Each structure stands twice: as C-alpha cells, then as structure tokens.
$ cat coords_16.cif   # mmCIF, C-alpha atoms
data_entry
loop_
_atom_site.label_atom_id
_atom_site.label_comp_id
_atom_site.auth_asym_id
_atom_site.auth_seq_id
_atom_site.Cartn_x
_atom_site.Cartn_y
_atom_site.Cartn_z
CA MET A 257 9.79 -13.14 26.56
CA ILE A 258 11.16 -16.30 24.92
CA LYS A 259 10.71 -19.34 27.11
CA PRO A 260 13.56 -21.90 27.21
CA VAL A 261 11.57 -24.66 25.43
CA LEU A 262 10.50 -22.26 22.67
CA LYS A 263 14.07 -21.06 22.19
CA ASP A 264 15.49 -24.60 22.29
CA SER A 265 12.81 -25.91 19.90
CA MET A 266 13.39 -23.14 17.36
CA LYS A 267 17.13 -23.80 17.47
CA LEU A 268 16.56 -27.56 17.07
CA PHE A 269 14.19 -27.08 14.12
CA GLY A 270 16.60 -24.75 12.29
CA SER A 271 17.75 -27.69 10.14
CA LEU A 272 14.20 -28.00 8.71
CA GLY A 273 14.09 -24.53 7.13
CA THR A 274 13.42 -20.93 8.10
CA VAL A 275 11.96 -21.08 11.62
CA LYS A 276 9.60 -18.45 13.04
CA SER A 277 7.21 -18.30 15.96
CA ARG A 278 3.91 -16.46 16.41
CA SER A 279 1.44 -16.13 19.21
CA MET A 280 -1.17 -18.87 18.69
CA PHE A 281 -3.77 -20.68 20.84
CA GLY A 282 -2.51 -19.12 24.07
CA GLY A 283 1.09 -20.13 23.30
CA PHE A 284 3.55 -19.82 20.43
CA GLY A 285 3.14 -21.62 17.11
CA ILE A 286 6.37 -22.76 15.47
CA PHE A 287 6.48 -22.40 11.71
CA VAL A 288 8.97 -23.54 9.09
CA ASP A 289 8.60 -21.79 5.75
CA GLU A 290 5.17 -20.43 6.84
CA THR A 291 3.81 -23.87 7.83
CA MET A 292 2.92 -24.43 11.48
CA PHE A 293 3.80 -27.88 12.81
CA ALA A 294 4.58 -27.36 16.52
CA LEU A 295 3.29 -25.36 19.45
CA VAL A 296 4.84 -24.31 22.74
CA VAL A 297 2.44 -23.59 25.61
CA ASN A 298 3.50 -23.15 29.23
CA ASP A 299 7.07 -24.13 28.33
CA GLN A 300 5.85 -27.47 26.93
CA LEU A 301 6.47 -28.60 23.33
CA HIS A 302 3.51 -29.94 21.37
CA ILE A 303 3.85 -31.59 17.95
CA ARG A 304 1.11 -31.55 15.31
CA GLY A 305 -0.53 -34.90 14.76
CA ASP A 306 -1.99 -36.34 11.58
CA LYS A 307 -4.21 -39.41 11.12
CA GLU A 308 -1.27 -41.79 11.49
CA SER A 309 0.66 -40.10 14.28
CA GLU A 310 -2.43 -39.14 16.33
CA GLN A 311 -3.21 -42.80 16.87
CA ARG A 312 0.40 -43.50 17.87
CA PHE A 313 0.49 -40.48 20.18
CA LYS A 314 -2.71 -41.57 21.93
CA GLN A 315 -1.40 -45.13 22.36
CA GLN A 316 1.72 -43.69 24.01
CA GLY A 317 -0.43 -41.59 26.35
CA PHE A 318 0.36 -38.19 24.79
CA GLU A 319 -2.30 -35.58 25.54
CA PRO A 320 -3.69 -33.15 22.92
CA TYR A 321 -3.52 -29.48 23.81
CA VAL A 322 -6.93 -28.03 24.77
CA TYR A 323 -7.62 -24.29 24.96
CA LYS A 324 -10.77 -22.28 25.58
CA LYS A 325 -12.43 -20.20 22.90
CA ARG A 326 -15.40 -18.11 24.02
CA GLY A 327 -15.59 -20.27 27.13
CA PHE A 328 -15.72 -23.58 25.24
CA PRO A 329 -12.89 -26.14 25.15
CA VAL A 330 -11.23 -26.67 21.77
CA VAL A 331 -9.13 -29.82 21.30
CA THR A 332 -6.21 -29.21 18.93
CA LYS A 333 -4.13 -31.55 16.77
CA TYR A 334 -1.05 -30.68 18.84
CA PHE A 335 0.17 -33.35 21.25
CA SER A 336 2.37 -32.69 24.26
CA LEU A 337 5.73 -34.47 24.08
CA PRO A 338 6.87 -35.90 27.42
CA GLU A 339 9.87 -34.28 29.12
CA HIS A 340 12.04 -37.36 28.53
CA TYR A 341 12.03 -36.59 24.78
CA TRP A 342 14.50 -33.80 25.54
CA ASN A 343 17.00 -36.49 26.62
CA ASP A 344 17.37 -37.42 22.94
CA THR A 345 16.55 -34.51 20.68
CA ASP A 346 16.78 -36.80 17.63
CA ASP A 347 13.40 -38.21 18.70
CA ILE A 348 11.93 -34.70 18.76
CA LEU A 349 13.47 -33.88 15.39
CA ASN A 350 12.07 -37.09 13.86
CA GLU A 351 8.56 -36.31 15.14
CA ALA A 352 8.89 -32.71 13.96
CA THR A 353 10.03 -33.76 10.49
CA LEU A 354 7.00 -36.05 10.11
CA ALA A 355 4.67 -33.37 11.49
CA LEU A 356 6.04 -30.71 9.14
CA ALA A 357 5.67 -32.97 6.09
CA ALA A 358 2.05 -33.78 7.04
CA ALA A 359 1.26 -30.11 7.74
CA LYS A 360 2.68 -29.04 4.36
CA GLU A 361 0.65 -31.73 2.61
CA ASP A 362 -2.54 -30.61 4.40
CA LYS A 363 -1.80 -26.99 3.53
CA GLN A 364 -1.33 -27.88 -0.13
CA GLN A 365 -4.59 -29.86 -0.20
CA GLN A 366 -6.45 -26.95 1.44
CA ALA A 367 -5.00 -24.54 -1.10
CA THR A 368 -6.23 -26.63 -4.03
CA ALA A 369 -9.61 -27.53 -2.51
CA LYS A 370 -11.77 -24.45 -2.77
CA PRO A 371 -14.25 -24.05 0.10
CA THR A 372 -17.87 -23.79 -0.94
CA ARG A 373 -19.03 -21.62 1.97
CA LEU A 374 -17.58 -18.36 3.23
CA LYS A 375 -17.45 -19.64 6.81
CA ASP A 376 -15.15 -22.46 5.66
CA LEU A 377 -12.41 -20.01 4.67
CA PRO A 378 -9.57 -19.42 7.15
CA ASN A 379 -10.40 -16.77 9.81
CA LEU A 380 -14.11 -16.63 8.96
CA ARG A 381 -16.99 -17.87 11.09
CA LEU A 382 -20.73 -18.15 10.61
CA ALA A 383 -21.15 -14.61 12.00
CA THR A 384 -18.70 -13.27 9.41
CA GLU A 385 -20.50 -15.17 6.66
CA ARG A 386 -23.76 -13.52 7.75
CA MET A 387 -22.15 -10.06 7.74
CA LEU A 388 -20.78 -10.68 4.24
CA LYS A 389 -24.18 -11.87 2.98
CA LYS A 390 -25.87 -8.82 4.51
CA ALA A 391 -23.30 -6.74 2.61
CA GLY A 392 -24.25 -8.50 -0.64
CA ILE A 393 -21.35 -10.95 -0.85
CA GLU A 394 -22.90 -14.40 -1.07
CA SER A 395 -20.07 -16.72 -2.11
CA VAL A 396 -16.33 -17.41 -1.98
CA ASP A 397 -16.08 -16.39 -5.66
CA GLU A 398 -17.77 -13.04 -4.95
CA LEU A 399 -15.45 -12.38 -2.01
CA GLU A 400 -12.40 -13.11 -4.17
CA LEU A 401 -13.79 -10.86 -6.92
CA GLN A 402 -14.51 -7.98 -4.52
CA GLY A 403 -11.23 -8.28 -2.65
CA SER A 404 -10.71 -7.77 1.07
CA LEU A 405 -10.90 -3.97 1.00
CA ASN A 406 -14.19 -3.72 -0.92
CA ALA A 407 -15.69 -6.51 1.18
CA TYR A 408 -14.63 -4.72 4.37
CA ARG A 409 -16.13 -1.43 3.13
CA ALA A 410 -19.37 -3.20 2.20
CA ILE A 411 -19.59 -4.73 5.68
CA CYS A 412 -18.91 -1.34 7.30
CA ASP A 413 -21.68 0.22 5.20
CA SER A 414 -24.18 -2.53 5.95
CA GLN A 415 -23.43 -2.79 9.68
CA GLY A 416 -24.08 0.86 10.46
CA SER A 417 -21.48 0.69 13.24
CA SER A 418 -17.74 0.62 13.52
CA VAL A 419 -16.09 -2.62 12.45
CA SER A 420 -12.69 -3.69 13.78
CA LEU A 421 -9.70 -3.51 11.45
CA GLU A 422 -8.99 -7.12 12.43
CA LEU A 423 -11.87 -8.06 10.14
CA LEU A 424 -9.97 -6.53 7.20
CA TRP A 425 -6.91 -8.67 8.01
CA ALA A 426 -9.21 -11.71 8.44
CA LEU A 427 -10.75 -11.12 5.00
CA GLU A 428 -7.33 -10.65 3.39
CA GLY A 429 -6.09 -13.86 5.02
CA ALA A 430 -9.26 -15.72 4.00
CA ILE A 431 -8.83 -14.77 0.36
CA ASN A 432 -5.19 -15.91 0.46
CA ARG A 433 -6.07 -19.04 2.52
CA THR A 434 -3.81 -18.05 5.40
CA HIS A 435 -4.26 -17.11 9.04
CA TRP A 436 -4.86 -13.37 9.49
CA SER A 437 -1.74 -13.03 11.67
CA VAL A 438 0.56 -13.85 8.74
CA VAL A 439 -0.72 -11.04 6.50
CA PRO A 440 2.53 -9.11 5.93
CA LYS A 441 2.88 -5.65 7.47
CA GLN A 442 3.57 -4.20 4.01
CA ARG A 443 0.22 -5.54 2.74
CA ARG A 444 -1.58 -4.24 5.85
CA ASP A 445 -0.05 -0.80 5.26
CA GLU A 446 -1.18 -0.88 1.61
CA LEU A 447 -4.73 -1.76 2.66
CA LEU A 448 -4.76 0.99 5.31
CA ASP A 449 -3.55 3.57 2.78
CA GLN A 450 -6.29 2.54 0.34
CA LEU A 451 -8.90 2.57 3.12
CA ASN A 452 -8.09 6.14 4.20
#
$ encode --input "coords_16.cif" --output "structure tokens"
Amino acid sequence: MIKPVLKDSMKLFGSLGTVKSRSMFGGFGIFVDETMFALVVNDQLHIRGDKESEQRFKQQGFEPYVYKKRGFPVVTKYFSLPEHYWNDTDDILNEATLALAAAKEDKQQQATAKPTRLKDLPNLRLATERMLKKAGIESVDELELQGSLNAYRAICDSQGSSVSLELLWALEGAINRTHWSVVPKQRRDELLDQLN
C-alpha cells in the first residue's frame, strides 16, 4: 500500500528524473535513475545526507533514521525532515536535488574505486567472503572472472547444504556494484535458466 508521504514525495521528485521506490531499511527507498537519495519510513520523509548536509541537518536538530539489523541498531545517512517542510515543498525539492547530486557522485566514485576485499562489495558480508574463500574464490578479480552463477555453484558445492537463491542475486549485484534488489527480473530469469 502506498502511504501518502511516499506518493506525494514521488510525485514531487518527478521533475528530477524517472522516480521509483523499493522496499529498503524497513521503509521505501526513493530512487531517481537508479540512485537512491530519499527514504520514507512510517509515513515520514528522510533525505540522504552527505558530509556537508549532515552537519547542517544535525545543527537544525534533524534525526538520522536508525533501524535494527540482526538486533543491532544501524544509523543511516537518511535524515528525517520535519513536518513543516511540507508547507513549502520547494524546500524539500531543494534538499532532494542536493541529496541526489551527492548520491550520484558517491555512486560514481564507488563504481570507479574497486574494493580490495570481497566483503567490501555491495550485498556481501564477512560470512559471504568466508563462503567464497571456502569455495576457492579468494578475491574480487576471481569473483568477477567466475561470474555470479559459477561462484554460486561453487558455494553450493563447498557448503554441502542448500544455499538460498538470494545469495545468487547478491553475487550478481556485487559484481555489478548494485544492491541485489535492483537485479532485473530478466537477468534473474536468465540465471535461473542457466542454473537448472
């Protein structure tokens, strides 16, 4: 169900590009041209902060969104905009424009800066890195060379137990430096066909 703030935010941000939303961090991430820059949780709009805006947000008393992951609190870069911002949507649009530009710049820097460890790739954790190493894939270069499907098969073989398909999407996203949830359905179907 689309909440009013999510619907209103997506409509407002339409001037910035192609707007989409996806389930993220217990709410809905708002993306323009595949770059996330805003988040709606509990019908509250949060805008992504960068080094410059985070300081300004904190000075103005904006709170960062905190969610729990495996029982531990995770503080995000997304700051809750006060309700009064909706009185002048130009203020929201200005903050969103700055947040989107900073998010795109970060995304571009991440794309050009190659991680040195497997766990530093999107979607992967230390546990995934250990599974990959047990399967004989020791580095980011080896993972890219093997591809997501071969890496997934190698993990399945080395684990001796069933491995969730979500790991396949995570590996595909990691190789492409994107979140696993944005792996296109067509690509998922191709991988499934090749797996079976």
$ resolve_selection --input "coords_16.cif" --expression "the PyMOL selection byres ((chain A and resi 259-273) around 6)" --output "list in words"
Ile258, Thr274, Val275, Val288 and Asp299 of chain A
$ write_last_selection --input "coords_16.cif" --atoms "C-alpha atoms" --output "PDB file, in the coordinates of the input"
ATOM      1  CA  ILE A 258      11.160 -16.300  24.920  1.00  0.00           C
ATOM      2  CA  THR A 274      13.420 -20.930   8.100  1.00  0.00           C
ATOM      3  CA  VAL A 275      11.960 -21.080  11.620  1.00  0.00           C
ATOM      4  CA  VAL A 288       8.970 -23.540   9.090  1.00  0.00           C
ATOM      5  CA  ASP A 299       7.070 -24.130  28.330  1.00  0.00           C
TER       6      ASP A 299
END
$ residues_around --input "coords_16.cif" --residues "A:Pro320" --least-positions-apart "4" --cutoff "12 Å" --atoms "only C-alpha atoms" --output "list in words"
Ala294, Leu295, Val297, Gln300, Leu301, His302, Ile303, Arg304, Gly305, Asp306, Ser309, Glu310, Gln311, Phe313, Lys314, Gln316, Pro329, Val330, Val331, Thr332, Lys333, Tyr334, Phe335, Ser336, Leu337 and Pro338 of chain A
$ resolve_selection --input "coords_16.cif" --expression "the PyMOL selection byres ((chain A and resi 398-402) around 12)" --output "ChimeraX atom specification"
/A:370-375,377,380,384-385,388-389,391-397,403-411,427-433
$ resolve_selection --input "coords_16.cif" --expression "the PyMOL selection byres ((chain A and resi 435-442) around 7)" --output "PyMOL selection string"
chain A and resi 378-379+425-426+429+434+443-446
$ write_last_selection --input "coords_16.cif" --atoms "C-alpha atoms" --output "short mmCIF file (atom, residue, chain, number, x, y, z; two decimals), in the coordinates of the input"
data_model
loop_
_atom_site.label_atom_id
_atom_site.label_comp_id
_atom_site.auth_asym_id
_atom_site.auth_seq_id
_atom_site.Cartn_x
_atom_site.Cartn_y
_atom_site.Cartn_z
CA PRO A 378 -9.57 -19.42 7.15
CA ASN A 379 -10.40 -16.77 9.81
CA TRP A 425 -6.91 -8.67 8.01
CA ALA A 426 -9.21 -11.71 8.44
CA GLY A 429 -6.09 -13.86 5.02
CA THR A 434 -3.81 -18.05 5.40
CA ARG A 443 0.22 -5.54 2.74
CA ARG A 444 -1.58 -4.24 5.85
CA ASP A 445 -0.05 -0.80 5.26
CA GLU A 446 -1.18 -0.88 1.61
#
$ axis_aligned_box --input "coords_16.cif" --around "stretch 410-428 of chain A" --padding-each-side "4 Å" --output "AutoDock Vina command-line options"
--center_x -15.5 --center_y -5.4 --center_z 8.0 --size_x 25.3 --size_y 20.6 --size_z 19.6
$ decode --input "coords_16.cif" --residues "stretch 338-351 of chain A" --atoms "all heavy atoms" --output "CSV table (one decimal), in the first residue's frame"
chain,number,residue,atom,x,y,z
A,338,PRO,N,11.4,17.6,9.1
A,338,PRO,CA,10.3,18.0,9.9
A,338,PRO,C,9.0,18.2,9.1
A,338,PRO,O,9.1,18.5,7.9
A,338,PRO,CB,10.7,19.3,10.6
A,338,PRO,CG,12.2,19.4,10.4
A,338,PRO,CD,12.5,18.6,9.2
A,339,GLU,N,7.9,18.0,9.7
A,339,GLU,CA,6.6,18.1,9.0
A,339,GLU,C,6.4,19.5,8.4
A,339,GLU,O,5.8,19.6,7.3
A,339,GLU,CB,5.4,17.9,10.0
A,339,GLU,CG,5.3,16.4,10.5
A,339,GLU,CD,4.9,15.5,9.4
A,339,GLU,OE1,4.1,15.8,8.5
A,339,GLU,OE2,5.5,14.4,9.4
A,340,HIS,N,6.9,20.5,9.0
A,340,HIS,CA,6.7,21.9,8.4
A,340,HIS,C,7.3,22.1,7.1
A,340,HIS,O,7.0,23.0,6.3
A,340,HIS,CB,7.2,23.0,9.4
A,340,HIS,CG,8.7,23.1,9.6
A,340,HIS,ND1,9.5,23.7,8.7
A,340,HIS,CD2,9.5,22.6,10.6
A,340,HIS,CE1,10.7,23.6,9.1
A,340,HIS,NE2,10.8,23.0,10.2
A,341,TYR,N,8.2,21.2,6.7
A,341,TYR,CA,8.8,21.3,5.3
A,341,TYR,C,7.7,21.1,4.2
A,341,TYR,O,7.9,21.6,3.1
A,341,TYR,CB,9.9,20.2,5.1
A,341,TYR,CG,11.3,20.7,5.4
A,341,TYR,CD1,11.7,21.2,6.6
A,341,TYR,CD2,12.2,20.8,4.3
A,341,TYR,CE1,13.0,21.7,6.9
A,341,TYR,CE2,13.5,21.3,4.6
A,341,TYR,CZ,13.9,21.8,5.8
A,341,TYR,OH,15.1,22.3,6.0
A,342,TRP,N,6.7,20.3,4.6
A,342,TRP,CA,5.6,20.1,3.6
A,342,TRP,C,4.8,21.4,3.4
A,342,TRP,O,4.0,21.5,2.4
A,342,TRP,CB,4.7,19.0,4.0
A,342,TRP,CG,5.4,17.7,3.8
A,342,TRP,CD1,6.0,16.9,4.7
A,342,TRP,CD2,5.6,17.0,2.6
A,342,TRP,NE1,6.6,15.8,4.1
A,342,TRP,CE2,6.3,15.8,2.8
A,342,TRP,CE3,5.2,17.3,1.3
A,342,TRP,CZ2,6.7,14.9,1.8
A,342,TRP,CZ3,5.5,16.4,0.2
A,342,TRP,CH2,6.3,15.2,0.5
A,343,ASN,N,5.0,22.4,4.2
A,343,ASN,CA,4.3,23.7,4.0
A,343,ASN,C,4.9,24.4,2.8
A,343,ASN,O,4.2,25.3,2.1
A,343,ASN,CB,4.4,24.6,5.2
A,343,ASN,CG,3.7,24.0,6.4
A,343,ASN,OD1,2.8,23.2,6.3
A,343,ASN,ND2,4.2,24.4,7.6
A,344,ASP,N,6.2,24.2,2.4
A,344,ASP,CA,6.8,24.7,1.3
A,344,ASP,C,7.6,23.6,0.6
A,344,ASP,O,8.8,23.4,1.0
A,344,ASP,CB,7.7,25.9,1.7
A,344,ASP,CG,8.3,26.6,0.4
A,344,ASP,OD1,8.1,26.2,-0.7
A,344,ASP,OD2,9.0,27.6,0.7
A,345,THR,N,7.0,23.0,-0.4
A,345,THR,CA,7.7,21.8,-1.0
A,345,THR,C,8.9,22.2,-1.8
A,345,THR,O,9.7,21.4,-2.1
A,345,THR,CB,6.7,21.1,-1.9
A,345,THR,OG1,6.1,22.0,-2.9
A,345,THR,CG2,5.6,20.4,-1.1
A,346,ASP,N,9.1,23.5,-2.0
A,346,ASP,CA,10.4,24.0,-2.7
A,346,ASP,C,11.6,23.6,-1.8
A,346,ASP,O,12.6,23.3,-2.3
A,346,ASP,CB,10.3,25.5,-3.0
A,346,ASP,CG,9.4,25.8,-4.2
A,346,ASP,OD1,9.0,24.9,-4.9
A,346,ASP,OD2,9.1,27.0,-4.4
A,347,ASP,N,11.4,23.7,-0.5
A,347,ASP,CA,12.5,23.4,0.5
A,347,ASP,C,12.8,21.9,0.3
A,347,ASP,O,14.0,21.6,0.3
A,347,ASP,CB,12.1,23.7,1.9
A,347,ASP,CG,12.0,25.2,2.2
A,347,ASP,OD1,12.6,26.0,1.4
A,347,ASP,OD2,11.4,25.6,3.1
A,348,ILE,N,11.8,21.1,0.3
A,348,ILE,CA,12.0,19.6,0.1
A,348,ILE,C,12.7,19.4,-1.2
A,348,ILE,O,13.7,18.6,-1.2
A,348,ILE,CB,10.7,18.9,0.2
A,348,ILE,CG1,10.1,19.0,1.6
A,348,ILE,CG2,10.9,17.4,-0.1
A,348,ILE,CD1,8.7,18.4,1.7
A,349,LEU,N,12.3,20.0,-2.3
A,349,LEU,CA,12.8,19.8,-3.6
A,349,LEU,C,14.3,20.2,-3.6
A,349,LEU,O,15.1,19.6,-4.2
A,349,LEU,CB,12.0,20.5,-4.7
A,349,LEU,CG,12.2,20.0,-6.1
A,349,LEU,CD1,12.0,18.5,-6.2
A,349,LEU,CD2,11.2,20.7,-7.0
A,350,ASN,N,14.6,21.3,-3.0
A,350,ASN,CA,16.0,21.8,-2.9
A,350,ASN,C,16.9,20.8,-2.2
A,350,ASN,O,18.0,20.5,-2.7
A,350,ASN,CB,16.1,23.2,-2.2
A,350,ASN,CG,15.5,24.3,-3.0
A,350,ASN,OD1,15.4,24.2,-4.3
A,350,ASN,ND2,15.1,25.4,-2.4
A,351,GLU,N,16.4,20.3,-1.0
A,351,GLU,CA,17.2,19.3,-0.3
A,351,GLU,C,17.4,18.0,-1.1
A,351,GLU,O,18.4,17.4,-1.1
A,351,GLU,CB,16.5,19.0,1.1
A,351,GLU,CG,16.5,20.1,2.1
A,351,GLU,CD,17.9,20.5,2.6
A,351,GLU,OE1,18.9,19.9,2.2
A,351,GLU,OE2,18.0,21.5,3.3
